[in-house]
Every structure is written in C-alpha cells, then in structure tokens.
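Structure data (JSON, C-alpha atoms) from data.json:
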[["chain", "number", "residue", "atom", "x", "y", "z"],
["A", 52, "MET", "CA", 0.00, 0.00, 0.00],
["A", 53, "MET", "CA", 1.43, 3.34, -1.03],
["A", 54, "SER", "CA", 1.91, 5.76, 1.83],
["A", 55, "THR", "CA", 0.72, 9.34, 1.75],
["A", 56, "LYS", "CA", 3.29, 11.90, 0.72],
["A", 57, "PHE", "CA", 3.44, 15.11, 2.76],
["A", 58, "GLN", "CA", 5.13, 18.38, 1.97],
["A", 59, "VAL", "CA", 5.34, 21.34, 4.34],
["A", 60, "LYS", "CA", 6.16, 24.99, 3.77],
["A", 61, "PRO", "CA", 6.66, 27.45, 6.63],
["A", 62, "TYR", "CA", 5.42, 31.02, 6.26],
["A", 63, "ARG", "CA", 5.97, 34.26, 8.09],
["A", 64, "ARG", "CA", 3.68, 37.22, 7.40],
["A", 65, "SER", "CA", 4.04, 40.75, 8.74],
["A", 66, "PHE", "CA", 0.87, 42.58, 9.71],
["A", 67, "CYS", "CA", 0.37, 45.78, 7.72],
["A", 68, "ARG", "CA", -0.56, 47.37, 11.02],
["A", 69, "PRO", "CA", 0.45, 45.44, 14.16],
["A", 70, "LEU", "CA", -2.58, 44.06, 15.98],
["A", 71, "ILE", "CA", -2.95, 45.66, 19.41],
["A", 72, "THR", "CA", -4.94, 43.81, 22.07],
["A", 73, "SER", "CA", -4.94, 43.61, 25.84],
["A", 74, "ARG", "CA", -2.40, 40.79, 25.45],
["A", 75, "GLY", "CA", 0.09, 43.08, 23.71],
["A", 76, "THR", "CA", 1.13, 43.76, 20.14],
["A", 77, "TRP", "CA", 1.22, 41.09, 17.43],
["A", 78, "ALA", "CA", 3.47, 42.04, 14.51],
["A", 79, "GLN", "CA", 4.11, 38.77, 12.65],
["A", 80, "ARG", "CA", 2.09, 35.66, 11.96],
["A", 81, "GLU", "CA", 3.95, 32.36, 11.56],
["A", 82, "GLY", "CA", 2.61, 29.00, 10.49],
["A", 83, "PHE", "CA", 2.85, 26.20, 7.95],
["A", 84, "LEU", "CA", 1.04, 25.06, 4.83],
["A", 85, "LEU", "CA", 0.63, 21.31, 4.44],
["A", 86, "ARG", "CA", 0.28, 19.48, 1.11],
["A", 87, "MET", "CA", -1.09, 15.93, 1.22],
["A", 88, "ASP", "CA", -0.61, 13.80, -1.90],
["A", 89, "THR", "CA", -2.60, 10.56, -2.01],
["A", 90, "GLU", "CA", -3.89, 8.13, -4.64],
["A", 91, "ASP", "CA", -7.26, 9.90, -4.36],
["A", 92, "GLY", "CA", -5.90, 13.37, -4.99],
["A", 93, "ILE", "CA", -4.09, 16.33, -3.45],
["A", 94, "GLY", "CA", -5.29, 18.26, -0.42],
["A", 95, "TYR", "CA", -4.07, 21.27, 1.47],
["A", 96, "GLY", "CA", -4.24, 22.26, 5.12],
["A", 97, "GLU", "CA", -2.82, 24.95, 7.36],
["A", 98, "VAL", "CA", -1.12, 24.78, 10.74],
["A", 99, "ALA", "CA", -1.65, 28.14, 12.45],
["A", 100, "PRO", "CA", -0.85, 27.83, 16.16],
["A", 101, "ILE", "CA", -1.52, 30.42, 18.86],
["A", 102, "PRO", "CA", 0.21, 29.10, 21.99],
["A", 103, "SER", "CA", -1.30, 31.82, 24.18],
["A", 104, "PHE", "CA", -4.72, 30.35, 23.34],
["A", 105, "GLY", "CA", -3.70, 26.83, 24.32],
["A", 106, "SER", "CA", -2.43, 25.40, 21.04],
["A", 107, "GLU", "CA", 0.96, 23.86, 20.46],
["A", 108, "THR", "CA", 3.97, 26.09, 19.84],
["A", 109, "ILE", "CA", 5.47, 26.74, 16.42],
["A", 110, "ASP", "CA", 8.46, 24.57, 17.40],
["A", 111, "ALA", "CA", 6.28, 21.64, 18.49],
["A", 112, "ALA", "CA", 4.29, 21.87, 15.27],
["A", 113, "GLU", "CA", 7.46, 21.97, 13.22],
["A", 114, "ASP", "CA", 8.83, 18.88, 14.97],
["A", 115, "PHE", "CA", 5.65, 16.93, 14.24],
["A", 116, "LEU", "CA", 5.43, 18.06, 10.63],
["A", 117, "ARG", "CA", 9.04, 17.06, 10.06],
["A", 118, "THR", "CA", 8.14, 13.57, 11.29],
["A", 119, "ILE", "CA", 5.19, 13.04, 8.94],
["A", 120, "THR", "CA", 7.11, 14.29, 5.90],
["A", 121, "ILE", "CA", 9.65, 11.54, 6.60],
["A", 122, "ASP", "CA", 7.29, 8.71, 7.64],
["A", 123, "GLY", "CA", 4.34, 9.54, 5.42],
["A", 124, "GLU", "CA", 1.94, 8.41, 8.13],
["A", 125, "GLU", "CA", -1.31, 10.29, 8.60],
["A", 126, "VAL", "CA", -2.09, 10.60, 12.30],
["A", 127, "SER", "CA", -4.26, 13.04, 14.23],
["A", 128, "PRO", "CA", -2.30, 14.22, 17.26],
["A", 129, "ALA", "CA", -4.75, 15.16, 20.03],
["A", 130, "ASN", "CA", -2.09, 17.18, 21.86],
["A", 131, "LEU", "CA", -1.32, 19.21, 18.73],
["A", 132, "PRO", "CA", -4.70, 20.72, 17.81],
["A", 133, "ALA", "CA", -3.44, 23.04, 15.05],
["A", 134, "CYS", "CA", -1.67, 20.11, 13.36],
["A", 135, "ALA", "CA", -4.74, 17.90, 13.75],
["A", 136, "PHE", "CA", -6.91, 20.58, 12.15],
["A", 137, "ALA", "CA", -4.56, 20.89, 9.17],
["A", 138, "LEU", "CA", -4.27, 17.15, 8.57],
["A", 139, "SER", "CA", -8.00, 16.53, 8.77],
["A", 140, "ALA", "CA", -8.81, 19.58, 6.63],
["A", 141, "ALA", "CA", -6.36, 18.46, 3.94],
["A", 142, "SER", "CA", -7.84, 14.96, 3.90],
["A", 143, "GLN", "CA", -11.38, 16.31, 3.86],
["A", 144, "SER", "CA", -10.65, 18.64, 0.93],
["A", 145, "ILE", "CA", -9.55, 15.64, -1.17],
["A", 146, "HIS", "CA", -12.80, 13.77, -0.61],
["A", 147, "GLN", "CA", -15.18, 16.74, -0.69],
["A", 148, "GLY", "CA", -13.95, 18.26, -3.94],
["A", 149, "GLY", "CA", -14.19, 21.98, -4.67],
["A", 150, "PRO", "CA", -15.47, 24.75, -2.39],
["A", 151, "LYS", "CA", -19.16, 24.90, -1.52],
["A", 152, "GLN", "CA", -21.56, 27.52, -2.80],
["A", 153, "LYS", "CA", -22.55, 29.08, 0.53],
["A", 154, "GLU", "CA", -21.69, 32.67, 1.38],
["A", 155, "TYR", "CA", -21.22, 34.30, 4.76],
["A", 156, "ALA", "CA", -21.63, 37.70, 6.36],
["A", 157, "ILE", "CA", -18.41, 39.08, 7.85],
["A", 158, "CYS", "CA", -17.93, 41.10, 11.03],
["A", 159, "ALA", "CA", -15.79, 44.22, 10.62],
["A", 160, "LEU", "CA", -12.69, 44.31, 12.82],
["A", 161, "LEU", "CA", -12.04, 47.69, 14.45],
["A", 162, "PRO", "CA", -8.69, 48.74, 15.94],
["A", 163, "ALA", "CA", -8.22, 49.39, 19.63],
["A", 164, "GLY", "CA", -7.80, 52.96, 20.80],
["A", 165, "ALA", "CA", -8.59, 56.33, 19.28],
["A", 166, "ALA", "CA", -8.49, 55.08, 15.66],
["A", 167, "VAL", "CA", -11.73, 53.17, 16.20],
["A", 168, "LEU", "CA", -14.14, 55.90, 15.08],
["A", 169, "GLN", "CA", -12.36, 56.74, 11.84],
["A", 170, "GLU", "CA", -12.08, 53.07, 10.92],
["A", 171, "ALA", "CA", -15.72, 52.46, 11.85],
["A", 172, "GLU", "CA", -16.81, 55.19, 9.45],
["A", 173, "LYS", "CA", -14.93, 53.45, 6.62],
["A", 174, "LYS", "CA", -16.43, 50.07, 7.47],
["A", 175, "ILE", "CA", -19.94, 51.53, 7.62],
["A", 176, "GLU", "CA", -19.48, 53.00, 4.14],
["A", 177, "GLN", "CA", -18.33, 49.58, 2.90],
["A", 178, "GLY", "CA", -21.59, 48.02, 4.06],
["A", 179, "TYR", "CA", -20.63, 46.07, 7.17],
["A", 180, "GLU", "CA", -23.48, 45.54, 9.63],
["A", 181, "THR", "CA", -21.63, 43.84, 12.51],
["A", 182, "PHE", "CA", -18.50, 45.26, 14.14],
["A", 183, "LYS", "CA", -15.90, 43.98, 16.60],
["A", 184, "TRP", "CA", -13.81, 46.25, 18.79],
["A", 185, "LYS", "CA", -10.88, 45.29, 21.01],
["A", 186, "ILE", "CA", -11.12, 46.76, 24.53],
["A", 187, "GLY", "CA", -9.04, 46.53, 27.67],
["A", 188, "VAL", "CA", -6.13, 48.32, 25.96],
["A", 189, "GLU", "CA", -6.50, 51.89, 27.22],
["A", 190, "SER", "CA", -7.84, 53.21, 30.52],
["A", 191, "LEU", "CA", -11.40, 52.28, 31.43],
["A", 192, "ASN", "CA", -12.77, 55.84, 31.37],
["A", 193, "ILE", "CA", -11.25, 56.56, 27.97],
["A", 194, "GLU", "CA", -12.66, 53.38, 26.46],
["A", 195, "LEU", "CA", -16.11, 53.93, 27.94],
["A", 196, "LYS", "CA", -16.17, 57.35, 26.27],
["A", 197, "GLN", "CA", -14.97, 55.85, 22.98],
["A", 198, "ALA", "CA", -17.64, 53.16, 23.23],
["A", 199, "ARG", "CA", -20.40, 55.71, 23.72],
["A", 200, "ASP", "CA", -19.18, 57.64, 20.67],
["A", 201, "LEU", "CA", -18.99, 54.43, 18.67],
["A", 202, "PHE", "CA", -22.54, 53.39, 19.53],
["A", 203, "ASP", "CA", -23.77, 56.84, 18.51],
["A", 204, "LEU", "CA", -21.96, 56.47, 15.18],
["A", 205, "LEU", "CA", -23.32, 53.04, 14.24],
["A", 206, "PRO", "CA", -26.30, 52.99, 11.85],
["A", 207, "LYS", "CA", -29.67, 51.63, 12.86],
["A", 208, "GLY", "CA", -29.66, 47.86, 13.04],
["A", 209, "ALA", "CA", -25.89, 47.53, 13.33],
["A", 210, "LEU", "CA", -24.43, 45.34, 16.08],
["A", 211, "LEU", "CA", -21.22, 45.72, 18.09],
["A", 212, "ARG", "CA", -19.07, 43.02, 19.65],
["A", 213, "LEU", "CA", -16.62, 44.13, 22.34],
["A", 214, "ASP", "CA", -13.64, 41.82, 22.89],
["A", 215, "ALA", "CA", -11.70, 42.20, 26.14],
["A", 216, "ASN", "CA", -9.43, 39.16, 25.69],
["A", 217, "ALA", "CA", -9.93, 38.37, 29.40],
["A", 218, "ALA", "CA", -8.37, 41.70, 30.44],
["A", 219, "LEU", "CA", -11.09, 43.05, 32.74],
["A", 220, "VAL", "CA", -11.52, 42.75, 36.50],
["A", 221, "PRO", "CA", -15.02, 42.42, 38.02],
["A", 222, "PRO", "CA", -15.45, 46.14, 38.88],
["A", 223, "ALA", "CA", -14.51, 47.12, 35.32],
["A", 224, "LEU", "CA", -16.94, 44.51, 33.99],
["A", 225, "ASP", "CA", -19.69, 46.13, 36.05],
["A", 226, "SER", "CA", -18.87, 49.52, 34.50],
["A", 227, "TRP", "CA", -18.99, 48.07, 31.00],
["A", 228, "LEU", "CA", -22.27, 46.29, 31.60],
["A", 229, "GLU", "CA", -23.82, 49.49, 32.91],
["A", 230, "LEU", "CA", -22.87, 51.30, 29.72],
["A", 231, "LEU", "CA", -23.90, 48.42, 27.45],
["A", 232, "GLY", "CA", -27.28, 48.37, 29.14],
["A", 233, "GLU", "CA", -27.92, 51.83, 27.67],
["A", 234, "PHE", "CA", -27.26, 50.48, 24.16],
["A", 235, "SER", "CA", -28.50, 46.92, 24.58],
["A", 236, "SER", "CA", -30.25, 46.80, 21.20],
["A", 237, "GLN", "CA", -26.90, 47.51, 19.51],
["A", 238, "VAL", "CA", -24.87, 44.96, 21.48],
["A", 239, "ASP", "CA", -24.16, 41.63, 19.80],
["A", 240, "PHE", "CA", -22.11, 40.43, 22.78],
["A", 241, "LEU", "CA", -19.28, 41.17, 25.18],
["A", 242, "GLU", "CA", -16.48, 38.69, 24.52],
["A", 243, "GLN", "CA", -14.50, 37.01, 27.34],
["A", 244, "PRO", "CA", -14.35, 39.95, 29.76],
["A", 245, "LEU", "CA", -12.78, 37.92, 32.60],
["A", 246, "THR", "CA", -10.07, 35.28, 32.77],
["A", 247, "CYS", "CA", -10.56, 31.53, 32.49],
["A", 248, "GLY", "CA", -11.90, 30.20, 35.78],
["A", 249, "GLN", "CA", -14.21, 33.16, 36.29],
["A", 250, "GLU", "CA", -16.98, 31.78, 34.10],
["A", 251, "PRO", "CA", -19.46, 31.64, 37.03],
["A", 252, "LEU", "CA", -19.03, 35.40, 37.53],
["A", 253, "MET", "CA", -19.56, 36.01, 33.81],
["A", 254, "ALA", "CA", -22.63, 33.76, 33.78],
["A", 255, "ASP", "CA", -24.16, 35.64, 36.71],
["A", 256, "ALA", "CA", -23.43, 38.97, 35.05],
["A", 257, "MET", "CA", -25.08, 37.82, 31.83],
["A", 258, "GLN", "CA", -28.16, 36.57, 33.66],
["A", 259, "ASN", "CA", -28.49, 39.70, 35.81],
["A", 260, "THR", "CA", -28.09, 42.23, 32.99],
["A", 261, "GLY", "CA", -29.37, 40.43, 29.89],
["A", 262, "ILE", "CA", -26.19, 41.42, 28.02],
["A", 263, "PRO", "CA", -24.87, 38.40, 26.09],
["A", 264, "ILE", "CA", -21.38, 37.37, 27.16],
["A", 265, "ALA", "CA", -19.34, 35.14, 24.85],
["A", 266, "LEU", "CA", -16.62, 32.70, 25.78],
["A", 267, "ASP", "CA", -13.41, 32.69, 23.76],
["A", 268, "GLU", "CA", -10.25, 31.97, 25.76],
["A", 269, "SER", "CA", -12.30, 29.65, 27.96],
["A", 270, "LEU", "CA", -12.88, 27.37, 24.96],
["A", 271, "ASN", "CA", -9.15, 26.76, 24.74],
["A", 272, "GLY", "CA", -8.33, 26.68, 28.46],
["A", 273, "ALA", "CA", -7.91, 23.81, 30.90],
["A", 274, "ASN", "CA", -11.67, 23.24, 31.20],
["A", 275, "ALA", "CA", -12.42, 23.84, 27.52],
["A", 276, "GLY", "CA", -14.32, 20.61, 26.92],
["A", 277, "HIS", "CA", -16.93, 21.44, 29.53],
["A", 278, "TRP", "CA", -18.01, 24.65, 27.78],
["A", 279, "LEU", "CA", -18.71, 22.76, 24.56],
["A", 280, "GLU", "CA", -21.25, 20.55, 26.30],
["A", 281, "PRO", "CA", -24.88, 21.38, 25.41],
["A", 282, "GLY", "CA", -26.36, 23.65, 28.06],
["A", 283, "ALA", "CA", -23.05, 24.45, 29.75],
["A", 284, "TRP", "CA", -23.02, 28.07, 28.55],
["A", 285, "ALA", "CA", -26.01, 30.24, 27.69],
["A", 286, "GLY", "CA", -24.21, 32.85, 25.57],
["A", 287, "PRO", "CA", -22.26, 32.82, 22.32],
["A", 288, "LEU", "CA", -19.20, 30.60, 21.82],
["A", 289, "VAL", "CA", -16.34, 32.12, 19.85],
["A", 290, "VAL", "CA", -14.72, 29.21, 18.05],
["A", 291, "LYS", "CA", -11.20, 29.51, 16.63],
["A", 292, "ALA", "CA", -11.40, 26.29, 14.65],
["A", 293, "PRO", "CA", -7.79, 26.09, 13.38],
["A", 294, "ILE", "CA", -6.53, 25.63, 16.94],
["A", 295, "MET", "CA", -9.28, 23.27, 18.11],
["A", 296, "GLY", "CA", -8.39, 19.95, 16.52],
["A", 297, "ASP", "CA", -9.77, 17.50, 13.98],
["A", 298, "VAL", "CA", -12.35, 19.07, 11.65],
["A", 299, "GLU", "CA", -14.76, 16.13, 11.59],
["A", 300, "TRP", "CA", -14.68, 15.81, 15.38],
["A", 301, "LEU", "CA", -15.16, 19.55, 15.77],
["A", 302, "SER", "CA", -18.13, 19.60, 13.40],
["A", 303, "SER", "CA", -19.79, 16.81, 15.37],
["A", 304, "ARG", "CA", -19.07, 18.57, 18.67],
["A", 305, "LEU", "CA", -20.43, 21.91, 17.48],
["A", 306, "LYS", "CA", -23.64, 20.75, 15.74],
["A", 307, "PRO", "CA", -25.74, 20.70, 18.95],
["A", 308, "LEU", "CA", -24.42, 24.22, 19.73],
["A", 309, "ALA", "CA", -24.42, 25.68, 16.22],
["A", 310, "GLY", "CA", -26.87, 28.46, 17.09],
["A", 311, "GLN", "CA", -24.37, 29.76, 19.64],
["A", 312, "VAL", "CA", -21.25, 29.41, 17.51],
["A", 313, "VAL", "CA", -19.31, 32.42, 16.21],
["A", 314, "LEU", "CA", -16.46, 31.31, 13.95],
["A", 315, "SER", "CA", -13.43, 33.55, 14.38],
["A", 316, "SER", "CA", -10.14, 33.98, 12.54],
["A", 317, "VAL", "CA", -6.68, 33.19, 13.84],
["A", 318, "PHE", "CA", -5.18, 35.32, 11.04],
["A", 319, "GLU", "CA", -4.62, 32.28, 8.86],
["A", 320, "THR", "CA", -3.97, 32.25, 5.11],
["A", 321, "GLY", "CA", -6.60, 31.52, 2.49],
["A", 322, "VAL", "CA", -5.99, 27.78, 2.93],
["A", 323, "GLY", "CA", -7.01, 27.78, 6.58],
["A", 324, "MET", "CA", -9.80, 30.23, 5.84],
["A", 325, "GLU", "CA", -11.47, 27.95, 3.29],
["A", 326, "SER", "CA", -11.09, 25.04, 5.72],
["A", 327, "VAL", "CA", -13.11, 27.03, 8.26],
["A", 328, "PHE", "CA", -15.73, 27.93, 5.66],
["A", 329, "ARG", "CA", -16.08, 24.22, 4.87],
["A", 330, "LEU", "CA", -16.64, 23.61, 8.57],
["A", 331, "ALA", "CA", -19.28, 26.34, 8.57],
["A", 332, "ASP", "CA", -20.96, 24.62, 5.63],
["A", 333, "THR", "CA", -21.63, 21.66, 7.94],
["A", 334, "LEU", "CA", -23.26, 23.90, 10.57],
["A", 335, "PRO", "CA", -26.27, 25.52, 8.87],
["A", 336, "GLU", "CA", -27.55, 26.99, 12.15],
["A", 337, "VAL", "CA", -24.49, 29.24, 12.43],
["A", 338, "ASP", "CA", -26.11, 32.59, 11.72],
["A", 339, "ARG", "CA", -23.85, 35.23, 13.29],
["A", 340, "ALA", "CA", -21.38, 37.11, 11.08],
["A", 341, "LEU", "CA", -18.01, 35.36, 10.88],
["A", 342, "GLY", "CA", -15.01, 37.06, 12.48],
["A", 343, "TYR", "CA", -13.03, 37.06, 9.26],
["A", 344, "ASP", "CA", -12.31, 40.71, 8.46],
["A", 345, "THR", "CA", -8.63, 39.78, 8.37],
["A", 346, "VAL", "CA", -7.87, 39.77, 4.65],
["A", 347, "ASN", "CA", -6.33, 43.26, 4.58],
["A", 348, "ALA", "CA", -4.27, 42.61, 7.70],
["A", 349, "PHE", "CA", -1.50, 41.41, 5.36],
["A", 350, "ASP", "CA", -0.17, 42.59, 2.02],
["A", 351, "ASP", "CA", 0.79, 39.33, 0.33],
["A", 352, "ALA", "CA", -0.56, 36.66, -2.00],
["A", 353, "LEU", "CA", -1.55, 34.17, 0.69],
["A", 354, "THR", "CA", -5.25, 35.07, 0.76],
["A", 355, "GLN", "CA", -7.34, 35.16, -2.41],
["A", 356, "ILE", "CA", -10.61, 36.36, -0.88],
["A", 357, "LYS", "CA", -11.30, 40.09, -1.20],
["A", 358, "ALA", "CA", -12.19, 42.03, 1.94],
["A", 359, "GLY", "CA", -15.86, 42.93, 2.26],
["A", 360, "PRO", "CA", -19.02, 42.50, 4.34],
["A", 361, "ILE", "CA", -19.90, 39.29, 2.48],
["A", 362, "ILE", "CA", -17.75, 36.35, 1.45],
["A", 363, "CYS", "CA", -19.51, 35.53, -1.81],
["A", 364, "ALA", "CA", -19.94, 32.03, -3.16],
["A", 365, "SER", "CA", -18.34, 33.16, -6.42],
["A", 366, "GLN", "CA", -15.18, 34.15, -4.53],
["A", 367, "ARG", "CA", -15.05, 30.75, -2.87],
["A", 368, "GLN", "CA", -15.33, 29.05, -6.24],
["A", 369, "CYS", "CA", -12.13, 30.84, -7.30],
["A", 370, "TYR", "CA", -10.18, 29.36, -4.39],
["A", 371, "ASP", "CA", -6.89, 27.89, -5.65],
["A", 372, "PRO", "CA", -4.77, 26.39, -2.86],
["A", 373, "GLU", "CA", -1.99, 25.44, -5.25],
["A", 374, "GLN", "CA", -1.55, 29.09, -6.18],
["A", 375, "ILE", "CA", -1.22, 30.02, -2.51],
["A", 376, "TRP", "CA", 1.21, 27.12, -2.00],
["A", 377, "ASN", "CA", 3.36, 28.33, -4.91],
["A", 378, "SER", "CA", 3.37, 31.88, -3.50],
["A", 379, "ILE", "CA", 5.55, 30.86, -0.57]]

Here is the file; what I need is its structure written in the form of structure tokens.
Amino acid sequence: MMSTKFQVKPYRRSFCRPLITSRGTWAQREGFLLRMDTEDGIGYGEVAPIPSFGSETIDAAEDFLRTITIDGEEVSPANLPACAFALSAASQSIHQGGPKQKEYAICALLPAGAAVLQEAEKKIEQGYETFKWKIGVESLNIELKQARDLFDLLPKGALLRLDANAALVPPALDSWLELLGEFSSQVDFLEQPLTCGQEPLMADAMQNTGIPIALDESLNGANAGHWLEPGAWAGPLVVKAPIMGDVEWLSSRLKPLAGQVVLSSVFETGVGMESVFRLADTLPEVDRALGYDTVNAFDDALTQIKAGPIICASQRQCYDPEQIWNSI
C-alpha cells in the first residue's frame, strides 16, 4: 500500500498594522502550509498555532510536521490541535472536492484605541453591519467614552461586539455592563471579559443584565471541553477552529451548539480560511457574522478572498490552494 506523501512549507507574514490587544502587540504571523498527496488526490491544510490560546507552539508543530514528511503516516495528534486541524482539513478537501456555494456575512474588525471611530466610518461605508472592537487596551474611562461615541456612530440595526481578551476585573466589567445596558439593542455580545476560571461570575453577570457574554479563551483553556457541552453556557461561543483539533470531530461537537457558535479567525492564510468555511458549511444553524475581516491585515498573496461585508460564493469558487502554496 502506497503511503501518503506530505510536503510542508513554513510562512511568516508581517501585519500591515500590528494588531494591538490587551495581550500586547502582534506584529508577525507564523505558520505552515501542508500538502497531502494521495492516490485519491491532493489536499491542502494549514497549521496556524496560537500558543497563548492553548495550542501547540510553532516549534512543536514543526517537529511533528518534520516527522510526517519523513514517515508519510497520517495521524491526528490530540495534543497538537493546530496540526490535527490541518491534517484533517487536507484529507477532507480531497474527498469533498471543490469549495461549496454558501456565502457568509463578515464582522468588521475595528482597531483598539482612538483610531476606532475613523475606521468604523470606513467600514460603515463599505456596508458592514456587525462590528468587533478590542477593549481593555487603554484606561477604562477613555474606552467607555470611545464606546459611547462608537454606539452613537453606528447605523440603525448595526451590532457591536466588544472583545476584552480576558483583560477586565469584576469592577470594570460592572462599568462596561452598565454602559452596554444603555445600548442593549446595539450589542451583539461582550467577549470574554474575565479570565478563564471566572466563568461563574460572567454567567451571573449575563443573567443579571441580559447582556450576552461570549466565551473565547475559555474554549481553549484547561476546562475547555466542559463549555462545549450542550447547556453548559447560555451565551455565544467564539470558536477559533484552526486551533481546536480535527475538523470532523469539531463539526460533530459543534452541531448541537451551532446556534451559539461564532467562527473567528486566527489570522490564517486563504488555505485555513477555506477550511473554516467548509466547517461552517456543515453547521447551517451558524447565523452570526463570521469574524473574518482579516484579509487586509496582510499585504501578500496568501489570501485570495477580497475584503468585504460578504464572502460571496463566487469568490469561494475561485479558491486555488496550489496558487497560494506556490506563492511561498
């Protein structure tokens, strides 16, 4: 029996504008593209780790990928979720054929700090209807003022997500919830305001105020599996699929929760992006805008989709992973 042949290419991409969050500044994105050559065809996957979110490190991924290129054995390493995602996505793409026809609404990504209003104006003109803003970067009073101005700027019917990346303390959370209560009809959700382990406090806050609170970091923490059990969390679940393991397993795990799922980017290339869209295709109840306004974060040839409020089916049909592979 002929073994599978694997090839791996590392990539390093510089952000056009470094991403500033409460965790610090992210200037470069590193990862790997994986090419799987079998008797049934050729498939592509992407390994895009984020160790701070609980995935393997770049070095651990590289060690594993070096092994499979030598041995040619397809395994799904449970302790290497980004590698498992890439392997399963590559295999799935061989057997599923070309991209699906579905299209998805995209959530606009707004920068932290004072630039938020100017960028929001641009995104509004481009037709976005859902917006995500990173908070927990500047002082609380400054950001509360910026938030009020941002809500006043948004058009009727637009929704705002506020992402704290677990940077808030309970008193600051109370201040945010008080403000959000004034604009509740414009709030999509508040994302991971407190650290992992403080989910009971977040659940109580959500129940007491009616403001939806989403889990993000908690889905990749020590108790991650619990929060993907049906009924474990009442609010949205922000799923960074490329760092959460085998695609088929993930699809099965998310189907009972699909109405809560918000698929979010890890700043992957077009290969990983299409893998996530294929996952979304299996979850028809996913109805919130995808967190994939990341195309213009880089100025290279590793993403073929054009930035915009909708990822059109026609764009997905033009997906050419070999072209991306050859661009590295």

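Residue nearest Ala129 (chain A) within the list A:Leu279, A:Ala256, A:Ala331, A:Val298: A:Val298 [criterion: smallest interatomic distance, all atoms listed in the file].
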
>> Just the number, please: distance in Å from CA of Ile362 (chain A) to CA of Glu154 (chain A), one decimal.
In response: 5.4 Å

> A:Val313, A:Val188, A:Ala209, A:Leu231: which is nearest Thr260 (chain A), counting only C-alpha atoms?
Replying inline: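 Counting only C-alpha atoms, the residue closest to Thr260 (chain A) is A:Leu231.
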
>> Which residue is closest to Lys173 (chain A)? Choose from A:Pro360, A:Asp88, A:Gly282, A:Asn274 and count only C-alpha atoms.
In response: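 With only C-alpha atoms as the atom set, the closest residue is A:Pro360.
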
> Using only C-alpha atoms, which of A:Gly178, A:Ala275, A:Ile101, A:Leu266 sits nearest Leu314 (chain A)?
Replying inline: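 Closest residue, counting only C-alpha atoms: A:Leu266.
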
> Which polymer residues, protein or nucleic acid, are no farther than 12 Å from (-11.2, 11.9, 18.6), counting only C-alpha atoms, as a VMD selection string?
Replying inline: chain A and resid 126 to 130 132 135 to 136 139 295 to 304

Residues of the last selection are to be written out with C-alpha atoms, as a compact mmCIF listing (two decimals), in the coordinates of the input.
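In the end it all went to result_26.txt:
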# COMPACT_ATOMS: atom_id res chain seq x y z
CA VAL A 126 -2.09 10.60 12.30
CA SER A 127 -4.26 13.04 14.23
CA PRO A 128 -2.30 14.22 17.26
CA ALA A 129 -4.75 15.16 20.03
CA ASN A 130 -2.09 17.18 21.86
CA PRO A 132 -4.70 20.72 17.81
CA ALA A 135 -4.74 17.90 13.75
CA PHE A 136 -6.91 20.58 12.15
CA SER A 139 -8.00 16.53 8.77
CA MET A 295 -9.28 23.27 18.11
CA GLY A 296 -8.39 19.95 16.52
CA ASP A 297 -9.77 17.50 13.98
CA VAL A 298 -12.35 19.07 11.65
CA GLU A 299 -14.76 16.13 11.59
CA TRP A 300 -14.68 15.81 15.38
CA LEU A 301 -15.16 19.55 15.77
CA SER A 302 -18.13 19.60 13.40
CA SER A 303 -19.79 16.81 15.37
CA ARG A 304 -19.07 18.57 18.67

> How many Å lie between CA of Arg74 (chain A) and CA of Tyr62 (chain A), rounded to one decimal?
Replying inline: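 Taking CA of Arg74 (chain A) as the start and CA of Tyr62 (chain A) as the end point, the length is 22.9 Å.
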
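Closest approach to Cys363 (chain A) among A:Lys153, A:Thr55, A:Leu160, A:Ile145: A:Lys153, based on only C-alpha atoms.
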
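Restricting the calculation to all atoms listed in the file, the smallest distance between Pro100 (chain A) and any of A:Asn271, A:Thr118, A:Thr354, A:Gln374 is found for A:Asn271.
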
> What is the CA of Leu116 (chain A) to CA of Asp91 (chain A) distance in Å?
Replying inline: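 About the pair CA of Leu116 (chain A) and CA of Asp91 (chain A): they are 21.3 Å apart.
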
> Could you name the residues that touch Arg68 (chain A) at 10 Å or less, counting only C-alpha atoms, but leaving out those on the same chain fewer than 2 positions away, as a list in words?
Replying inline: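 The filter keeps Ser65, Phe66, Leu70, Ile71, Thr76, Trp77, Ala78, Gln79, Pro162, Asn347, Ala348 and Phe349 of chain A.
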
>> Counting all atoms listed in the file, find residues at most 6 Å from (-12.8, 41.8, 18.0) (file frame) and give them as a ChimeraX atom specification.
In response: /A:160,183-185,214

>> So that I can see what lies close to Gly96 (chain A), please list as a ChimeraX atom specification the residues with an atom at most 7 Å from it, counting all atoms listed in the file and leaving out residues fewer than 6 positions away in the same chain.
In response: /A:84-86,137-138,140-141,322-323

> Do you know which residues are at most 10 Å from Arg199 (chain A) counting only C-alpha atoms, after dropping those on the same chain fewer than 4 positions away, and could you put them as a PyMOL selection string?
Replying inline: chain A and resi 194-195+203-204+230-231+233-234

Write out, as a PDB file, in the coordinates of the input, the residues just selected, with C-alpha atoms.
ATOM      1  CA  GLU A 194     -12.660  53.380  26.460  1.00  0.00           C
ATOM      2  CA  LEU A 195     -16.110  53.930  27.940  1.00  0.00           C
ATOM      3  CA  ASP A 203     -23.770  56.840  18.510  1.00  0.00           C
ATOM      4  CA  LEU A 204     -21.960  56.470  15.180  1.00  0.00           C
ATOM      5  CA  LEU A 230     -22.870  51.300  29.720  1.00  0.00           C
ATOM      6  CA  LEU A 231     -23.900  48.420  27.450  1.00  0.00           C
ATOM      7  CA  GLU A 233     -27.920  51.830  27.670  1.00  0.00           C
ATOM      8  CA  PHE A 234     -27.260  50.480  24.160  1.00  0.00           C
TER       9      PHE A 234
END

>> List the spatial neighbours of Ala273 (chain A) as JSON, numbers by chain - criterion: any atom at most 9 Å away, only C-alpha atoms, same-chain residues fewer than 2 positions off excluded.
In response: {"A": [105, 247, 248, 269, 270, 271, 275, 276]}

Filtering to C-alpha atoms, could you give me those residues as an mmCIF file, keeping the file's coordinate frame?
data_model
loop_
_atom_site.group_PDB
_atom_site.id
_atom_site.type_symbol
_atom_site.label_atom_id
_atom_site.label_comp_id
_atom_site.auth_asym_id
_atom_site.auth_seq_id
_atom_site.Cartn_x
_atom_site.Cartn_y
_atom_site.Cartn_z
ATOM 1 C CA GLY A 105 -3.700 26.830 24.320
ATOM 2 C CA CYS A 247 -10.560 31.530 32.490
ATOM 3 C CA GLY A 248 -11.900 30.200 35.780
ATOM 4 C CA SER A 269 -12.300 29.650 27.960
ATOM 5 C CA LEU A 270 -12.880 27.370 24.960
ATOM 6 C CA ASN A 271 -9.150 26.760 24.740
ATOM 7 C CA ALA A 275 -12.420 23.840 27.520
ATOM 8 C CA GLY A 276 -14.320 20.610 26.920
#

> Near Met253 (chain A), within 10 Å and counting only C-alpha atoms, which residues show up once chain neighbours fewer than 2 positions away are dropped, as a list in words?
Replying inline: Pro221, Leu224, Gln243, Pro244, Leu245, Thr246, Gly248, Gln249, Glu250, Pro251, Asp255, Ala256, Met257, Gln258, Asn259, Pro263, Ile264, Ala265, Leu266 and Gly286 of chain A
